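Q: Take a look at model_1.json, JSON, C-alpha atoms:
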```
[["chain", "number", "residue", "atom", "x", "y", "z"],
["L", 1, "MET", "CA", -32.97, 5.25, 23.05],
["L", 2, "GLY", "CA", -30.28, 2.62, 23.33],
["L", 3, "THR", "CA", -27.14, 3.26, 25.34],
["L", 4, "LEU", "CA", -24.07, 3.12, 23.11],
["L", 5, "ASN", "CA", -20.63, 1.98, 24.16],
["L", 6, "HIS", "CA", -17.80, 2.54, 21.69],
["L", 7, "PHE", "CA", -15.08, 1.14, 23.96],
["L", 8, "SER", "CA", -16.53, -2.09, 25.31],
["L", 9, "PHE", "CA", -13.03, -3.64, 25.22],
["L", 10, "GLY", "CA", -11.35, -0.55, 26.61],
["L", 11, "TRP", "CA", -8.46, 0.91, 24.63],
["L", 12, "LEU", "CA", -7.65, -2.40, 22.94],
["L", 13, "THR", "CA", -9.82, -1.92, 19.84],
["L", 14, "PRO", "CA", -8.88, 1.76, 19.25],
["L", 15, "LEU", "CA", -5.17, 0.98, 19.48],
["L", 16, "VAL", "CA", -5.31, -2.14, 17.29],
["L", 17, "SER", "CA", -7.49, -0.39, 14.72],
["L", 18, "TYR", "CA", -5.09, 2.56, 14.65],
["L", 19, "ALA", "CA", -2.16, 0.19, 14.11],
["L", 20, "MET", "CA", -3.96, -1.44, 11.17],
["L", 21, "ALA", "CA", -4.67, 1.95, 9.58],
["L", 22, "CYS", "CA", -1.01, 2.95, 9.97],
["L", 23, "ALA", "CA", 0.20, -0.35, 8.52],
["L", 24, "GLY", "CA", -2.04, 0.02, 5.47],
["L", 25, "ALA", "CA", -0.94, 3.62, 4.98],
["L", 26, "ALA", "CA", 2.77, 2.78, 5.30],
["L", 27, "LEU", "CA", 2.53, -0.08, 2.81],
["L", 28, "GLY", "CA", 0.44, 2.04, 0.44],
["L", 29, "LEU", "CA", 2.97, 4.89, 0.52],
["L", 30, "ARG", "CA", 5.81, 2.49, -0.18],
["L", 31, "CYS", "CA", 4.00, 0.88, -3.11],
["L", 32, "THR", "CA", 3.09, 4.28, -4.53],
["L", 33, "LEU", "CA", 6.74, 5.34, -4.44],
["L", 34, "ARG", "CA", 7.67, 2.19, -6.36],
["L", 35, "GLY", "CA", 4.90, 2.87, -8.84],
["L", 36, "LEU", "CA", 6.03, 6.44, -9.49],
["L", 37, "ALA", "CA", 9.53, 5.16, -10.22],
["L", 38, "ALA", "CA", 8.20, 2.62, -12.75],
["L", 39, "THR", "CA", 6.39, 2.81, -16.07],
["L", 40, "GLY", "CA", 3.76, 0.90, -18.00],
["L", 41, "ALA", "CA", 2.31, -2.26, -16.52],
["L", 42, "THR", "CA", 4.75, -2.22, -13.60],
["L", 43, "ARG", "CA", 3.47, 1.17, -12.47],
["L", 44, "ARG", "CA", -0.11, -0.02, -12.75],
["L", 45, "ASN", "CA", 0.58, -3.12, -10.67],
["L", 46, "TRP", "CA", 2.31, -1.13, -7.92],
["L", 47, "LEU", "CA", -0.59, 1.33, -7.76],
["L", 48, "LEU", "CA", -3.10, -1.52, -7.58],
["L", 49, "THR", "CA", -1.15, -2.97, -4.66],
["L", 50, "ALA", "CA", -1.08, 0.45, -3.00],
["L", 51, "ALA", "CA", -4.86, 0.80, -3.40],
["L", 52, "ALA", "CA", -5.42, -2.65, -1.93],
["L", 53, "ALA", "CA", -3.11, -1.85, 1.01],
["L", 54, "ILE", "CA", -4.60, 1.54, 1.89],
["L", 55, "GLY", "CA", -8.20, 0.48, 1.25],
["L", 56, "SER", "CA", -7.97, -2.75, 3.22],
["L", 57, "GLY", "CA", -6.11, -0.94, 6.01],
["L", 58, "ILE", "CA", -8.93, 1.62, 6.31],
["L", 59, "TRP", "CA", -11.60, -1.09, 6.17],
["L", 60, "THR", "CA", -9.82, -3.25, 8.77],
["L", 61, "MET", "CA", -9.44, -0.21, 11.01],
["L", 62, "HIS", "CA", -13.19, 0.41, 10.80],
["L", 63, "PHE", "CA", -14.29, -3.11, 11.65],
["L", 64, "VAL", "CA", -11.69, -3.72, 14.34],
["L", 65, "ALA", "CA", -12.98, -0.55, 15.99],
["L", 66, "MET", "CA", -16.54, -1.87, 15.54],
["L", 67, "PHE", "CA", -15.67, -4.83, 17.77],
["L", 68, "GLY", "CA", -15.69, -2.34, 20.60],
["L", 69, "PHE", "CA", -19.12, -1.00, 19.61],
["L", 70, "ALA", "CA", -22.02, -2.31, 21.69],
["L", 71, "VAL", "CA", -25.64, -1.29, 22.31],
["L", 72, "ASP", "CA", -27.30, -2.18, 25.60],
["L", 73, "GLY", "CA", -30.38, -4.32, 25.11],
["L", 74, "THR", "CA", -29.66, -5.78, 21.68],
["L", 75, "GLU", "CA", -27.33, -8.13, 19.87],
["L", 76, "LEU", "CA", -25.30, -6.85, 16.92],
["L", 77, "ARG", "CA", -24.94, -8.82, 13.70],
["L", 78, "TYR", "CA", -23.68, -7.95, 10.22],
["L", 79, "ASP", "CA", -25.02, -8.30, 6.70],
["L", 80, "VAL", "CA", -22.41, -10.19, 4.68],
["L", 81, "LEU", "CA", -23.10, -8.58, 1.29],
["L", 82, "LEU", "CA", -22.94, -5.00, 2.56],
["L", 83, "THR", "CA", -19.83, -5.76, 4.59],
["L", 84, "VAL", "CA", -17.96, -7.10, 1.56],
["L", 85, "LEU", "CA", -19.29, -4.23, -0.57],
["L", 86, "SER", "CA", -17.86, -1.72, 1.90],
["L", 87, "LEU", "CA", -14.43, -3.35, 1.54],
["L", 88, "LEU", "CA", -14.61, -3.17, -2.26],
["L", 89, "VAL", "CA", -15.65, 0.48, -2.11],
["L", 90, "ALA", "CA", -12.64, 1.31, 0.08],
["L", 91, "VAL", "CA", -10.19, -0.34, -2.32],
["L", 92, "VAL", "CA", -11.78, 1.01, -5.52],
["L", 93, "VAL", "CA", -12.03, 4.64, -4.42],
["L", 94, "THR", "CA", -8.45, 4.57, -3.14],
["L", 95, "GLY", "CA", -7.34, 3.22, -6.50],
["L", 96, "LEU", "CA", -9.26, 5.96, -8.30],
["L", 97, "GLY", "CA", -7.65, 8.64, -6.15],
["L", 98, "LEU", "CA", -4.14, 7.28, -6.76],
["L", 99, "THR", "CA", -4.81, 7.04, -10.50],
["L", 100, "VAL", "CA", -6.02, 10.62, -10.70],
["L", 101, "VAL", "CA", -3.00, 11.93, -8.78],
["L", 102, "CYS", "CA", -0.31, 9.80, -10.43],
["L", 103, "TYR", "CA", -1.50, 10.26, -14.00],
["L", 104, "GLY", "CA", -2.96, 13.78, -13.74],
["L", 105, "ARG", "CA", -1.22, 16.54, -15.70],
["L", 106, "HIS", "CA", -1.90, 19.33, -13.19],
["L", 107, "ARG", "CA", -0.71, 18.38, -9.71],
["L", 108, "GLY", "CA", -2.97, 20.76, -7.77],
["L", 109, "LEU", "CA", -6.18, 19.83, -9.59],
["L", 110, "ALA", "CA", -5.24, 16.16, -9.49],
["L", 111, "LEU", "CA", -4.74, 16.28, -5.72],
["L", 112, "LEU", "CA", -8.05, 18.06, -5.23],
["L", 113, "GLY", "CA", -9.99, 15.67, -7.46],
["L", 114, "GLY", "CA", -8.30, 12.59, -6.05],
["L", 115, "GLY", "CA", -8.75, 13.78, -2.46],
["L", 116, "VAL", "CA", -12.45, 14.49, -2.87],
["L", 117, "THR", "CA", -13.05, 11.20, -4.69],
["L", 118, "THR", "CA", -11.16, 9.14, -2.14],
["L", 119, "GLY", "CA", -12.52, 11.02, 0.89],
["L", 120, "VAL", "CA", -16.14, 10.70, -0.15],
["L", 121, "GLY", "CA", -15.51, 7.04, -0.97],
["L", 122, "VAL", "CA", -13.96, 6.36, 2.44],
["L", 123, "ALA", "CA", -16.95, 8.03, 4.12],
["L", 124, "ALA", "CA", -19.23, 5.88, 1.94],
["L", 125, "MET", "CA", -17.31, 2.80, 3.10],
["L", 126, "HIS", "CA", -17.86, 3.82, 6.72],
["L", 127, "TYR", "CA", -21.59, 4.36, 6.39],
["L", 128, "LEU", "CA", -22.03, 1.25, 4.24],
["L", 129, "GLY", "CA", -20.35, -0.66, 7.06],
["L", 130, "MET", "CA", -22.78, 0.92, 9.50],
["L", 131, "ALA", "CA", -25.70, 0.02, 7.23],
["L", 132, "ALA", "CA", -24.53, -3.59, 7.47],
["L", 133, "VAL", "CA", -25.20, -3.60, 11.23],
["L", 134, "ARG", "CA", -28.29, -5.58, 12.25],
["L", 135, "MET", "CA", -29.89, -4.95, 15.66],
["L", 136, "HIS", "CA", -33.25, -4.85, 17.40],
["L", 137, "GLY", "CA", -33.78, -1.24, 16.54],
["L", 138, "GLY", "CA", -32.73, 1.40, 14.03],
["L", 139, "LEU", "CA", -29.84, 3.80, 13.53],
["L", 140, "ARG", "CA", -30.24, 7.55, 13.12],
["L", 141, "TYR", "CA", -27.53, 10.08, 12.37],
["L", 142, "ASP", "CA", -26.89, 13.69, 13.26],
["L", 143, "ALA", "CA", -26.51, 15.47, 9.90],
["L", 144, "GLY", "CA", -23.98, 18.04, 11.12],
["L", 145, "THR", "CA", -21.67, 15.41, 12.60],
["L", 146, "VAL", "CA", -21.95, 13.29, 9.45],
["L", 147, "ALA", "CA", -20.93, 16.29, 7.32],
["L", 148, "LEU", "CA", -17.97, 16.90, 9.63],
["L", 149, "SER", "CA", -16.85, 13.28, 9.28],
["L", 150, "VAL", "CA", -17.00, 13.57, 5.48],
["L", 151, "LEU", "CA", -14.89, 16.75, 5.57],
["L", 152, "VAL", "CA", -12.34, 15.01, 7.79],
["L", 153, "ALA", "CA", -12.28, 12.07, 5.38],
["L", 154, "VAL", "CA", -11.68, 14.37, 2.39],
["L", 155, "GLY", "CA", -8.92, 16.23, 4.23],
["L", 156, "ALA", "CA", -7.29, 12.99, 5.34],
["L", 157, "ALA", "CA", -7.49, 11.51, 1.83],
["L", 158, "THR", "CA", -6.00, 14.64, 0.24],
["L", 159, "ALA", "CA", -3.14, 14.69, 2.73],
["L", 160, "ALA", "CA", -2.55, 10.96, 2.17],
["L", 161, "LEU", "CA", -2.42, 11.36, -1.61],
["L", 162, "TRP", "CA", -0.11, 14.34, -1.31],
["L", 163, "ALA", "CA", 2.20, 12.33, 0.94],
["L", 164, "ALA", "CA", 2.06, 9.39, -1.46],
["L", 165, "VAL", "CA", 3.37, 11.38, -4.43],
["L", 166, "THR", "CA", 5.63, 13.86, -2.60],
["L", 167, "ILE", "CA", 7.45, 12.22, 0.31],
["L", 168, "ARG", "CA", 10.63, 10.31, -0.54],
["L", 169, "ASN", "CA", 12.38, 10.13, 2.83],
["L", 170, "VAL", "CA", 11.76, 6.95, 4.81],
["L", 171, "TYR", "CA", 11.37, 8.74, 8.14],
["L", 172, "ALA", "CA", 9.03, 11.33, 6.67],
["L", 173, "ALA", "CA", 6.96, 8.51, 5.15],
["L", 174, "ALA", "CA", 6.75, 6.81, 8.55],
["L", 175, "ALA", "CA", 5.56, 10.04, 10.15],
["L", 176, "ALA", "CA", 3.03, 10.52, 7.34],
["L", 177, "SER", "CA", 1.72, 6.98, 7.93],
["L", 178, "LEU", "CA", 1.17, 7.71, 11.61],
["L", 179, "GLY", "CA", -0.64, 10.92, 10.72],
["L", 180, "MET", "CA", -2.80, 9.18, 8.13],
["L", 181, "GLY", "CA", -3.73, 6.47, 10.62],
["L", 182, "LEU", "CA", -4.71, 9.11, 13.16],
["L", 183, "ALA", "CA", -6.82, 10.98, 10.58],
["L", 184, "VAL", "CA", -8.68, 7.81, 9.55],
["L", 185, "SER", "CA", -9.31, 6.91, 13.19],
["L", 186, "CYS", "CA", -10.62, 10.40, 13.91],
["L", 187, "MET", "CA", -12.95, 10.19, 10.92],
["L", 188, "HIS", "CA", -14.30, 6.87, 12.20],
["L", 189, "TYR", "CA", -15.03, 8.03, 15.72],
["L", 190, "ILE", "CA", -16.50, 11.33, 14.53],
["L", 191, "GLY", "CA", -18.81, 9.29, 12.33],
["L", 192, "MET", "CA", -19.69, 7.07, 15.27],
["L", 193, "ALA", "CA", -20.47, 10.15, 17.36],
["L", 194, "ALA", "CA", -23.27, 10.92, 14.88],
["L", 195, "VAL", "CA", -25.02, 7.62, 15.62],
["L", 196, "HIS", "CA", -28.21, 7.39, 17.69],
["L", 197, "VAL", "CA", -30.07, 4.12, 18.28],
["L", 198, "ARG", "CA", -33.79, 3.69, 18.83],
["L", 199, "LEU", "CA", -34.51, 0.21, 20.12],
["L", 200, "ASP", "CA", -37.44, -1.83, 18.83],
["L", 201, "PRO", "CA", -39.19, -3.92, 21.51],
["L", 202, "ALA", "CA", -40.12, -6.57, 18.91],
["L", 203, "ARG", "CA", -37.59, -9.40, 18.97],
["L", 204, "THR", "CA", -37.58, -10.48, 15.32],
["L", 205, "ASP", "CA", -34.86, -12.55, 13.70],
["L", 206, "LEU", "CA", -31.89, -10.30, 12.95],
["L", 207, "GLY", "CA", -30.32, -12.35, 10.18],
["L", 208, "GLY", "CA", -26.74, -11.76, 9.15],
["L", 209, "VAL", "CA", -23.74, -13.16, 10.99],
["L", 210, "SER", "CA", -22.02, -12.39, 14.26],
["L", 211, "PRO", "CA", -18.69, -10.50, 14.20],
["L", 212, "MET", "CA", -16.75, -13.59, 15.23],
["L", 213, "GLU", "CA", -18.28, -15.68, 12.45],
["L", 214, "PHE", "CA", -17.36, -13.43, 9.55],
["L", 215, "VAL", "CA", -15.88, -10.03, 10.27],
["L", 216, "PHE", "CA", -13.13, -11.27, 12.57],
["L", 217, "PRO", "CA", -11.79, -13.92, 10.13],
["L", 218, "LEU", "CA", -11.93, -11.39, 7.28],
["L", 219, "ALA", "CA", -10.08, -8.79, 9.34],
["L", 220, "VAL", "CA", -7.43, -11.35, 10.28],
["L", 221, "GLY", "CA", -7.06, -12.32, 6.62],
["L", 222, "LEU", "CA", -6.57, -8.71, 5.57],
["L", 223, "GLY", "CA", -4.09, -8.17, 8.37],
["L", 224, "SER", "CA", -2.13, -11.17, 7.10],
["L", 225, "PHE", "CA", -2.24, -9.70, 3.59],
["L", 226, "LEU", "CA", -0.78, -6.44, 4.86],
["L", 227, "PHE", "CA", 2.01, -8.30, 6.65],
["L", 228, "LEU", "CA", 2.92, -10.49, 3.67],
["L", 229, "ALA", "CA", 2.70, -7.61, 1.22],
["L", 230, "SER", "CA", 4.97, -5.56, 3.48],
["L", 231, "ALA", "CA", 7.52, -8.36, 3.47],
["L", 232, "PHE", "CA", 7.32, -8.62, -0.32],
["L", 233, "VAL", "CA", 7.83, -4.89, -0.80],
["L", 234, "ALA", "CA", 10.71, -4.84, 1.67],
["L", 235, "LEU", "CA", 12.50, -7.68, -0.17],
["L", 236, "SER", "CA", 11.81, -6.57, -3.74],
["L", 237, "PRO", "CA", 14.57, -4.62, -5.52],
["L", 238, "THR", "CA", 14.23, -0.89, -5.81],
["L", 239, "ALA", "CA", 14.69, 1.29, -8.85],
["L", 240, "GLN", "CA", 17.87, 2.71, -7.32],
["L", 241, "GLU", "CA", 19.65, -0.62, -7.32],
["L", 242, "PRO", "CA", 22.29, -1.10, -10.05],
["L", 243, "ALA", "CA", 20.77, -1.91, -13.39],
["L", 244, "GLY", "CA", 23.68, -4.25, -14.10],
["L", 245, "GLU", "CA", 22.45, -6.92, -11.69],
["L", 246, "LEU", "CA", 21.17, -9.79, -13.79],
["L", 247, "PRO", "CA", 19.00, -12.75, -12.87],
["L", 248, "ALA", "CA", 20.70, -15.93, -11.80],
["L", 249, "GLY", "CA", 22.03, -17.95, -14.71],
["L", 250, "GLU", "CA", 22.23, -15.01, -17.14],
["L", 251, "PRO", "CA", 25.78, -14.21, -18.24],
["L", 252, "ALA", "CA", 27.16, -10.85, -17.23],
["L", 253, "VAL", "CA", 29.00, -8.62, -19.70],
["L", 254, "GLU", "CA", 32.40, -7.57, -18.44],
["L", 255, "GLU", "CA", 33.62, -4.05, -19.07],
["L", 256, "PHE", "CA", 37.22, -3.41, -20.11],
["L", 257, "SER", "CA", 39.08, -0.14, -20.03],
["L", 258, "VAL", "CA", 40.13, 1.42, -23.32],
["L", 259, "PRO", "CA", 43.88, 2.10, -23.77],
["L", 260, "ALA", "CA", 44.99, 5.68, -23.22],
["L", 261, "ASP", "CA", 45.85, 6.16, -26.89],
["L", 262, "GLY", "CA", 42.26, 5.23, -27.83],
["L", 263, "PRO", "CA", 40.80, 2.48, -29.96],
["L", 264, "GLU", "CA", 41.74, 4.23, -33.21],
["L", 265, "THR", "CA", 45.49, 4.05, -32.72],
["L", 266, "GLY", "CA", 47.52, 0.89, -32.46],
["L", 267, "LEU", "CA", 44.65, -1.56, -33.06],
["L", 268, "THR", "CA", 44.00, -0.67, -36.71],
["L", 269, "ASP", "CA", 47.63, -1.18, -37.69],
["L", 270, "ALA", "CA", 48.22, -4.11, -35.41],
["L", 271, "ALA", "CA", 49.75, -7.25, -36.78],
["L", 272, "PRO", "CA", 47.82, -10.50, -36.61],
["L", 273, "ALA", "CA", 48.18, -12.38, -33.40],
["L", 274, "ASP", "CA", 51.14, -14.70, -33.30],
["L", 275, "PRO", "CA", 49.80, -18.21, -32.58],
["L", 276, "TYR", "CA", 53.03, -19.14, -30.85],
["L", 277, "GLY", "CA", 52.72, -16.98, -27.82],
["L", 278, "THR", "CA", 53.61, -13.47, -28.85],
["L", 279, "ASP", "CA", 51.21, -10.60, -28.34],
["L", 280, "PRO", "CA", 49.24, -8.91, -31.18],
["L", 281, "TYR", "CA", 51.90, -6.18, -31.58],
["L", 282, "GLY", "CA", 54.71, -8.64, -32.36],
["L", 283, "THR", "CA", 56.49, -8.42, -29.04],
["L", 284, "ASP", "CA", 57.27, -11.31, -26.81],
["L", 285, "PRO", "CA", 56.43, -10.38, -23.20],
["L", 286, "TYR", "CA", 58.35, -13.33, -21.86],
["L", 287, "GLY", "CA", 61.50, -12.81, -23.96],
["L", 288, "ALA", "CA", 61.18, -16.28, -25.51],
["L", 289, "GLY", "CA", 60.85, -17.26, -29.15],
["L", 290, "ARG", "CA", 58.32, -19.52, -30.72],
["L", 291, "TYR", "CA", 59.93, -22.67, -29.51],
["L", 292, "GLY", "CA", 61.28, -21.39, -26.25],
["L", 293, "HIS", "CA", 64.55, -20.06, -27.79],
["L", 294, "ASP", "CA", 65.72, -16.47, -27.98],
["L", 295, "ARG", "CA", 64.77, -14.85, -31.32],
["L", 296, "ALA", "CA", 68.15, -13.19, -31.63],
["L", 297, "ALA", "CA", 69.74, -16.59, -31.64]]
```
Starting from the coordinates I provided, produce the structure as C-alpha cells.

A:
Amino acid sequence: MGTLNHFSFGWLTPLVSYAMACAGAALGLRCTLRGLAATGATRRNWLLTAAAAIGSGIWTMHFVAMFGFAVDGTELRYDVLLTVLSLLVAVVVTGLGLTVVCYGRHRGLALLGGGVTTGVGVAAMHYLGMAAVRMHGGLRYDAGTVALSVLVAVGAATAALWAAVTIRNVYAAAAASLGMGLAVSCMHYIGMAAVHVRLDPARTDLGGVSPMEFVFPLAVGLGSFLFLASAFVALSPTAQEPAGELPAGEPAVEEFSVPADGPETGLTDAAPADPYGTDPYGTDPYGAGRYGHDRAA
C-alpha cells in the first residue's frame, strides 16, 4: 500500500482551492440573478455564463487541491483527454441543473431534479479527474465513503441551486458563496478519503503529462476567466437601472409636463402662432408689437 499525502504543500492548496470554489460560486450566483431578471436569449446567455463560472470553479478547486496530493514511491501524471472531459462534465451538468431550476414550473421538483443532476455530475467530475491520474500502481475506493461524497455533492448542489434562484441580497449571496465553496471542498476531501493506492513494482512508462505541464496552465487560465468574467458582470448594467438610459449617440426624448387644464382645453381653440414674436394664444409676453411698437399705439 502506498502512503498518501493530501497536504504536501501544507494549507496552501486547500486554501487556494477553497478560494477558487468560492469565486466560481459567487460569479455563478450573480450571473444567475441577471439571468432570472432577463428573458429570451439574454437569459440563456447569462445562465450559460453562470454554468461556466460554477463548473470551472468546482473543477479548478479539484485540481488545485490535487497539487497537494502525493503518493510515496511513485510519480503522478495526468491523462489529458480525461482531464478535459472532467472539466466539460462539470460545466455541462451545472448548466443542466440551472436550466431545470430556472425553467421548471414546480419549484420544489425542479430543485430536487436539478440538485440530483448537478450533484451526481459534480461527483462524476471528481472521479473522472481521479481516473485521469497515472501512477505506478492502482487506485481503489471505499464504497461507503464514495457514497457519502456523492450525497454531500447532491446536498451541496441543491443548496447552491436554491441560493441561485432565491437569494437577492448581496451580503446573503456572499455568505452563500462561502458556504458553497466549503461544501464543494468537503465533498472533494471526503472523496479523497475513499482512495487507497496499491503500488506496482514494475516501472512502466506512465504516459500523460505532469501537473505543471498541463493542469497548472489550465487552472491558471480558468482562474483568469473567473476574474475577467467577474469584472464584466460588475461593470455591466443591471435590470434595475433606469430604462431611459440610451446608448451613446442615440437622441434622448425629453418629457414635458402637461398644463394643469389638460391637453383638451386651450390647445384645440388656440390661434395659429404669430410669426412675429407673439405666443400661440395671441398675447405678447414682452409687451411689444410686431415691429417693436406698442399694439395700442

Q: Need the axis-aligned box for region 119-133 of chain L with 4 Å each side, so what are the centre and edges in Å to one decimal, as AutoDock Vina command-line options?

A:
```
--center_x -19.1 --center_y 3.7 --center_z 5.1 --size_x 21.2 --size_y 22.6 --size_z 20.2
```

Q: Take CA of Gly114 (chain L) and CA of Val100 (chain L) and report the distance between them in Å, one decimal.

A: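 Those two atoms sit 5.5 Å apart.
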
Q: Which residues of region 161-207 of chain L sit at most 12 Å from region 64-86 of chain L, using all atoms listed in the file? Give each one's shortest atom pair and distance in Å (one decimal place), in chain and ascending residue order, as a Markdown table.

A:
```
| residue | atom | partner | partner_atom | distance |
| --- | --- | --- | --- | --- |
| L:Val184 | CA | L:Ala65 | CA | 11.4 |
| L:Ser185 | CA | L:Ala65 | CA | 8.8 |
| L:Cys186 | CA | L:Ala65 | CA | 11.4 |
| L:Met187 | CA | L:Ala65 | CA | 11.9 |
| L:His188 | CA | L:Ala65 | CA | 8.4 |
| L:Tyr189 | CA | L:Ala65 | CA | 8.8 |
| L:Gly191 | CA | L:Met66 | CA | 11.8 |
| L:Met192 | CA | L:Phe69 | CA | 9.2 |
| L:Ala193 | CA | L:Phe69 | CA | 11.5 |
| L:Val195 | CA | L:Val71 | CA | 11.2 |
| L:His196 | CA | L:Val71 | CA | 10.2 |
| L:Val197 | CA | L:Val71 | CA | 8.1 |
| L:Arg198 | CA | L:Val71 | CA | 10.2 |
| L:Leu199 | CA | L:Thr74 | CA | 7.9 |
| L:Asp200 | CA | L:Thr74 | CA | 9.2 |
| L:Pro201 | CA | L:Gly73 | CA | 9.5 |
| L:Ala202 | CA | L:Thr74 | CA | 10.8 |
| L:Arg203 | CA | L:Thr74 | CA | 9.1 |
| L:Thr204 | CA | L:Thr74 | CA | 11.2 |
| L:Asp205 | CA | L:Arg77 | CA | 10.6 |
| L:Leu206 | CA | L:Arg77 | CA | 7.1 |
| L:Gly207 | CA | L:Arg77 | CA | 7.3 |
```

Q: Please return as number ranges by chain every residue within 12 Å of (5.5, 7.5, -12.5), taking into account only C-alpha atoms and the file's own coordinates.

A: L: 31-47, 98-99, 101-105, 164-166, 239

Q: Could you write out that same residue set with C-alpha atoms as a CSV table (one decimal), in the frame of the given file?

A:
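Output (selection06.csv):
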```
chain,number,residue,atom,x,y,z
L,31,CYS,CA,4.0,0.9,-3.1
L,32,THR,CA,3.1,4.3,-4.5
L,33,LEU,CA,6.7,5.3,-4.4
L,34,ARG,CA,7.7,2.2,-6.4
L,35,GLY,CA,4.9,2.9,-8.8
L,36,LEU,CA,6.0,6.4,-9.5
L,37,ALA,CA,9.5,5.2,-10.2
L,38,ALA,CA,8.2,2.6,-12.8
L,39,THR,CA,6.4,2.8,-16.1
L,40,GLY,CA,3.8,0.9,-18.0
L,41,ALA,CA,2.3,-2.3,-16.5
L,42,THR,CA,4.8,-2.2,-13.6
L,43,ARG,CA,3.5,1.2,-12.5
L,44,ARG,CA,-0.1,0.0,-12.8
L,45,ASN,CA,0.6,-3.1,-10.7
L,46,TRP,CA,2.3,-1.1,-7.9
L,47,LEU,CA,-0.6,1.3,-7.8
L,98,LEU,CA,-4.1,7.3,-6.8
L,99,THR,CA,-4.8,7.0,-10.5
L,101,VAL,CA,-3.0,11.9,-8.8
L,102,CYS,CA,-0.3,9.8,-10.4
L,103,TYR,CA,-1.5,10.3,-14.0
L,104,GLY,CA,-3.0,13.8,-13.7
L,105,ARG,CA,-1.2,16.5,-15.7
L,164,ALA,CA,2.1,9.4,-1.5
L,165,VAL,CA,3.4,11.4,-4.4
L,166,THR,CA,5.6,13.9,-2.6
L,239,ALA,CA,14.7,1.3,-8.8
```

Q: Need the shell around Ser224 (chain L): protein/DNA/RNA residues with any atom at most 12 Å away, counting only C-alpha atoms. Skip same-chain ones fewer than 4 positions apart. Format as a compact mmCIF listing (two decimals) with C-alpha atoms, keeping the file's coordinate frame?

A:
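Final file, result-v4.txt:
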```
# COMPACT_ATOMS: atom_id res chain seq x y z
CA MET L 20 -3.96 -1.44 11.17
CA ALA L 23 0.20 -0.35 8.52
CA GLY L 24 -2.04 0.02 5.47
CA ALA L 53 -3.11 -1.85 1.01
CA SER L 56 -7.97 -2.75 3.22
CA GLY L 57 -6.11 -0.94 6.01
CA THR L 60 -9.82 -3.25 8.77
CA PRO L 217 -11.79 -13.92 10.13
CA LEU L 218 -11.93 -11.39 7.28
CA ALA L 219 -10.08 -8.79 9.34
CA VAL L 220 -7.43 -11.35 10.28
CA LEU L 228 2.92 -10.49 3.67
CA ALA L 229 2.70 -7.61 1.22
CA SER L 230 4.97 -5.56 3.48
CA ALA L 231 7.52 -8.36 3.47
```

Q: Can you pull out the residues contacting region 121-123 of chain L? Cut-off 12 Å, using all atoms listed in the file, and skip same-chain residues under 3 positions away; I want them as an MDAnalysis selection string.

A: chainID L and resid 54:59 61:62 85:97 114:118 126:130 146:158 183:192

Q: Of the residues L:Arg30, L:Phe7, L:Glu213, L:Leu15, which is the one nearest to Asn169 (chain L), using only C-alpha atoms?

A: L:Arg30

Q: Using only C-alpha atoms - which residues lie no farther than 10 Å from the point (3.8, 6.5, 8.4) in the file's frame? Write them as a PyMOL selection string.

A: chain L and resi 21-30+160+163+170-181

Q: Could you please determine the separation between CA of Ser17 (chain L) and CA of Ile167 (chain L) in Å, to one decimal place?

A: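 About the pair CA of Ser17 (chain L) and CA of Ile167 (chain L): they are 24.3 Å apart.
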